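Working notes, structure below.
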Amino acid sequence: FPLQIPELAKGTVLMRERSKVEETIQAMQRAGAGSLQVISDFDMTLTRFAHNGMRVPTTHNILDNRLLINEDCTRRIRELLNTYYPIEIDASRTAEEKQPLMVEWWTKVHELLIQQKIRKDMLARAVKESSAMLREGYKVFFDRLAEHQVPLLIFSAGIGDILEEVIRQNHVFHPNLHIISNYMDFDRTGVLQAFKGQLIHTFNKREGALLHAAHLRELQGRPNVLLLGDSLGDLTMADGVSQPQNILTIGFLNDQVEERKESYVNSFDIVLVKDETMDVPNAVLSYIT
Ligand code: C5P
Ligand code: MG
């Protein structure tokens with residue numbers, strides 16, 4: 001590989017247009033760390049999809065702990081997952097068709113969670129007791145970006161309070177981090193009473209990008225973007241960047257691989273098939289910075 005990035009030659013790496021990827025990485029390298037921002041999804045992008053044959057929980061599923069919710073609520077949230085997750089990843093439906101169904105899923109789950117009177121002071125313990133896990137190589141990823149003062153925007157349709165706790169417990173909550181997500185709203189006694197702001201689901205990240213990311217001062221003047229996601233909906237996370245110059249998108253294809261391979265290769269610049277590591281993003285970043 002001409003770019004001296006051997007990680008890109010791995011069999012799990014798919015690229016529609018290798019030469020375009022090379023040119024983009026080279027342009028980003030010439031512009032340097034001062035022109036770069038990283039925009040990443042959280043669940044199943046910064047966290048692992050599976051470990052030892054077991055699914056790793058998303059931020060929503062980390063709440064599945066008797067400290068926070070009862071058995072009946074667990075059962076109902078699982079039923080909703082079994083109904084809506086196959087729709088979320090269905091290769092035969094468009095994002096537009098999925099939108100209202102995702103709103104339905106998130107709304108129903110958030111209502112169930114609010115009924116459970118979840119206590120803020122129990123969240124850290126629930127995260128500790130969960131099998132939440134960031135991808136292998138996460139520390140190099142977070143530490144390098146902090147070291148080079150490259151802003152990392154985490155843009156998640158999961159639950160902000162939970163993802164912050166996962167990052168904190170893994171000791172990588174650095175000052176270059178910015179988070180856009182669904183945050184819990186607690187009453188004066190520390191009991192969950194609502195979710196703040198406009199709902200973010202997998203297929204409305206464009207609205208969130210225009211509403212929030214576009215106004216983050218720390219992201220201004222950084223026209224080069226490395227974008228990481230695991231859903232086609234994640235591709236709109238950079239829509240708030242004003243006057244972008246080079247955008248390199250990396251997609252983790254974790255599930256329904258054969259059904260979705262073609263659409264992922266057509267949509268992301270680099271597709272990583274069943275890769276539970278940060279090796280490729282880390283290699284690209286080490287070349288650029
Ligand atoms: O961080 P990210 O944007 O990936 O978070 C959203 C993910 O959380 C979705 O991909 C979805 O599968 C998952 N989810 C879940 N339970 C819910 C809602 C979403 O596991 N109730
Ligand atoms: Mg995700």
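Letters for chains follow the order of the structure tokens (A, B, ...), residue numbers begin at 1 for each chain, and ligand numbers begin at 1 in the order shown.
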
Output the neighbourhood of ligand 1 as an MDAnalysis selection string, that is, all protein and nucleic acid residues with some atom at most 8 Å from the ligand, counting only C-alpha atoms and all ligand atoms.
chainID A and resid 41:45 57:61 77 80:81 85 88 105:106 109:110 155:159 181 200:202 229:231 234

Name the residues of segment 5-240 of chain A that fall into alpha helix (DSSP H) according to DSSP on the backbone, using the chain letters and numbers of this document, as a ChimeraX atom specification.
/A:18-31,59-62,71-88,95-115,123-129,138-147,160-169,205-211

Find the residue from A:Arg48, A:Lys120, A:Lys261, A:Arg16 that sits nearest to ligand 2; use only C-alpha atoms and all ligand atoms when measuring.
A:Arg48

Can you check which parts of segment 166-252 of chain A lie within 12 Å of segment 6-13 of chain A? Per residue, the shortest pair of atoms and distance in Å to one decimal, counting only C-alpha atoms, sorted by chain and number, as a tab-separated table.
```
residue	atom	partner	partner_atom	distance
A:Ile250	CA	A:Val13	CA	9.9
A:Gly251	CA	A:Val13	CA	10.0
A:Phe252	CA	A:Val13	CA	9.7
```

Generate the output file for the selected residues, C-alpha atoms, as an mmCIF file, in the first residue's frame.
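As a result, result08.cif now contains:
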```
data_model
loop_
_atom_site.group_PDB
_atom_site.id
_atom_site.type_symbol
_atom_site.label_atom_id
_atom_site.label_comp_id
_atom_site.auth_asym_id
_atom_site.auth_seq_id
_atom_site.Cartn_x
_atom_site.Cartn_y
_atom_site.Cartn_z
ATOM 1 C CA ILE A 250 -15.221 4.801 8.142
ATOM 2 C CA GLY A 251 -18.123 2.405 8.703
ATOM 3 C CA PHE A 252 -18.140 -0.585 11.009
#
```

As a short mmCIF file (atom, residue, chain, number, x, y, z; two decimals) with N, CA and C atoms, in the first residue's frame, list the residues of segment 3-217 of chain A assigned to strand (DSSP E) by DSSP on the backbone atoms of this structure.
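Saved as part-v4.cif:
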```cif
data_model
loop_
_atom_site.label_atom_id
_atom_site.label_comp_id
_atom_site.auth_asym_id
_atom_site.auth_seq_id
_atom_site.Cartn_x
_atom_site.Cartn_y
_atom_site.Cartn_z
N VAL A 13 -11.00 -5.07 5.41
CA VAL A 13 -11.16 -3.68 4.98
C VAL A 13 -11.67 -3.65 3.54
N LEU A 14 -12.81 -2.98 3.32
CA LEU A 14 -13.35 -2.84 1.97
C LEU A 14 -13.37 -1.37 1.58
N MET A 15 -12.99 -1.11 0.33
CA MET A 15 -13.01 0.28 -0.15
C MET A 15 -13.55 0.32 -1.56
N LEU A 36 -8.09 19.32 11.68
CA LEU A 36 -8.88 18.09 11.76
C LEU A 36 -9.88 18.09 12.92
N GLN A 37 -11.03 17.49 12.68
CA GLN A 37 -11.95 17.15 13.76
C GLN A 37 -12.42 15.71 13.52
N VAL A 38 -12.74 15.03 14.61
CA VAL A 38 -13.24 13.66 14.49
C VAL A 38 -14.67 13.65 15.00
N ILE A 39 -15.56 13.07 14.21
CA ILE A 39 -16.96 12.96 14.61
C ILE A 39 -17.29 11.47 14.67
N SER A 40 -17.72 11.01 15.82
CA SER A 40 -17.96 9.58 15.95
C SER A 40 -19.30 9.27 16.61
N ALA A 50 -19.67 -7.23 19.80
CA ALA A 50 -19.72 -8.50 20.52
C ALA A 50 -18.36 -8.80 21.15
N HIS A 51 -18.40 -9.64 22.16
CA HIS A 51 -17.16 -10.07 22.81
C HIS A 51 -17.36 -11.50 23.29
N MET A 54 -20.75 -12.95 22.75
CA MET A 54 -21.90 -12.32 23.39
C MET A 54 -22.03 -10.88 22.91
N ARG A 55 -23.28 -10.42 22.68
CA ARG A 55 -23.50 -9.03 22.32
C ARG A 55 -23.09 -8.13 23.48
N LEU A 152 -12.95 15.81 19.51
CA LEU A 152 -13.68 14.58 19.23
C LEU A 152 -15.14 14.83 19.59
N LEU A 153 -16.00 14.84 18.59
CA LEU A 153 -17.42 15.02 18.81
C LEU A 153 -18.08 13.64 18.80
N ILE A 154 -18.65 13.26 19.92
CA ILE A 154 -19.38 12.00 19.98
C ILE A 154 -20.86 12.32 19.81
N PHE A 155 -21.44 11.70 18.82
CA PHE A 155 -22.79 12.04 18.41
C PHE A 155 -23.62 10.77 18.52
N SER A 156 -24.41 10.67 19.58
CA SER A 156 -25.04 9.39 19.88
C SER A 156 -26.54 9.47 20.08
N ALA A 157 -27.23 8.51 19.48
CA ALA A 157 -28.66 8.35 19.72
C ALA A 157 -28.91 7.52 20.97
N GLY A 158 -27.85 7.18 21.66
CA GLY A 158 -27.97 6.47 22.93
C GLY A 158 -28.27 7.44 24.06
N ILE A 159 -27.86 7.10 25.27
CA ILE A 159 -28.16 7.95 26.43
C ILE A 159 -26.86 8.61 26.92
N LEU A 177 -13.23 16.45 24.34
CA LEU A 177 -14.45 15.71 24.06
C LEU A 177 -15.69 16.61 24.05
N HIS A 178 -16.55 16.42 23.04
CA HIS A 178 -17.85 17.10 23.00
C HIS A 178 -18.89 16.03 22.73
N ILE A 179 -20.02 16.14 23.39
CA ILE A 179 -21.02 15.07 23.25
C ILE A 179 -22.38 15.64 22.92
N ILE A 180 -22.99 15.05 21.90
CA ILE A 180 -24.38 15.36 21.58
C ILE A 180 -25.15 14.05 21.70
N SER A 181 -26.15 14.02 22.57
CA SER A 181 -26.86 12.76 22.82
C SER A 181 -28.19 13.04 23.50
N ASN A 182 -28.88 11.97 23.89
CA ASN A 182 -30.12 12.10 24.66
C ASN A 182 -29.75 12.10 26.15
N MET A 184 -30.64 12.54 30.23
CA MET A 184 -31.71 12.35 31.20
C MET A 184 -31.94 13.65 31.97
N ASP A 185 -33.19 13.90 32.30
CA ASP A 185 -33.54 15.06 33.10
C ASP A 185 -34.05 14.55 34.45
N PHE A 186 -33.33 14.90 35.52
CA PHE A 186 -33.68 14.41 36.86
C PHE A 186 -34.38 15.50 37.66
N LEU A 192 -35.33 10.26 37.63
CA LEU A 192 -35.58 10.55 36.21
C LEU A 192 -37.02 11.00 35.99
N GLN A 193 -37.17 12.16 35.35
CA GLN A 193 -38.54 12.64 35.09
C GLN A 193 -38.82 12.87 33.61
N ALA A 194 -37.76 12.96 32.80
CA ALA A 194 -37.93 13.20 31.36
C ALA A 194 -36.59 13.04 30.66
N PHE A 195 -36.61 13.18 29.33
CA PHE A 195 -35.35 13.30 28.58
C PHE A 195 -35.28 14.71 28.04
#
```
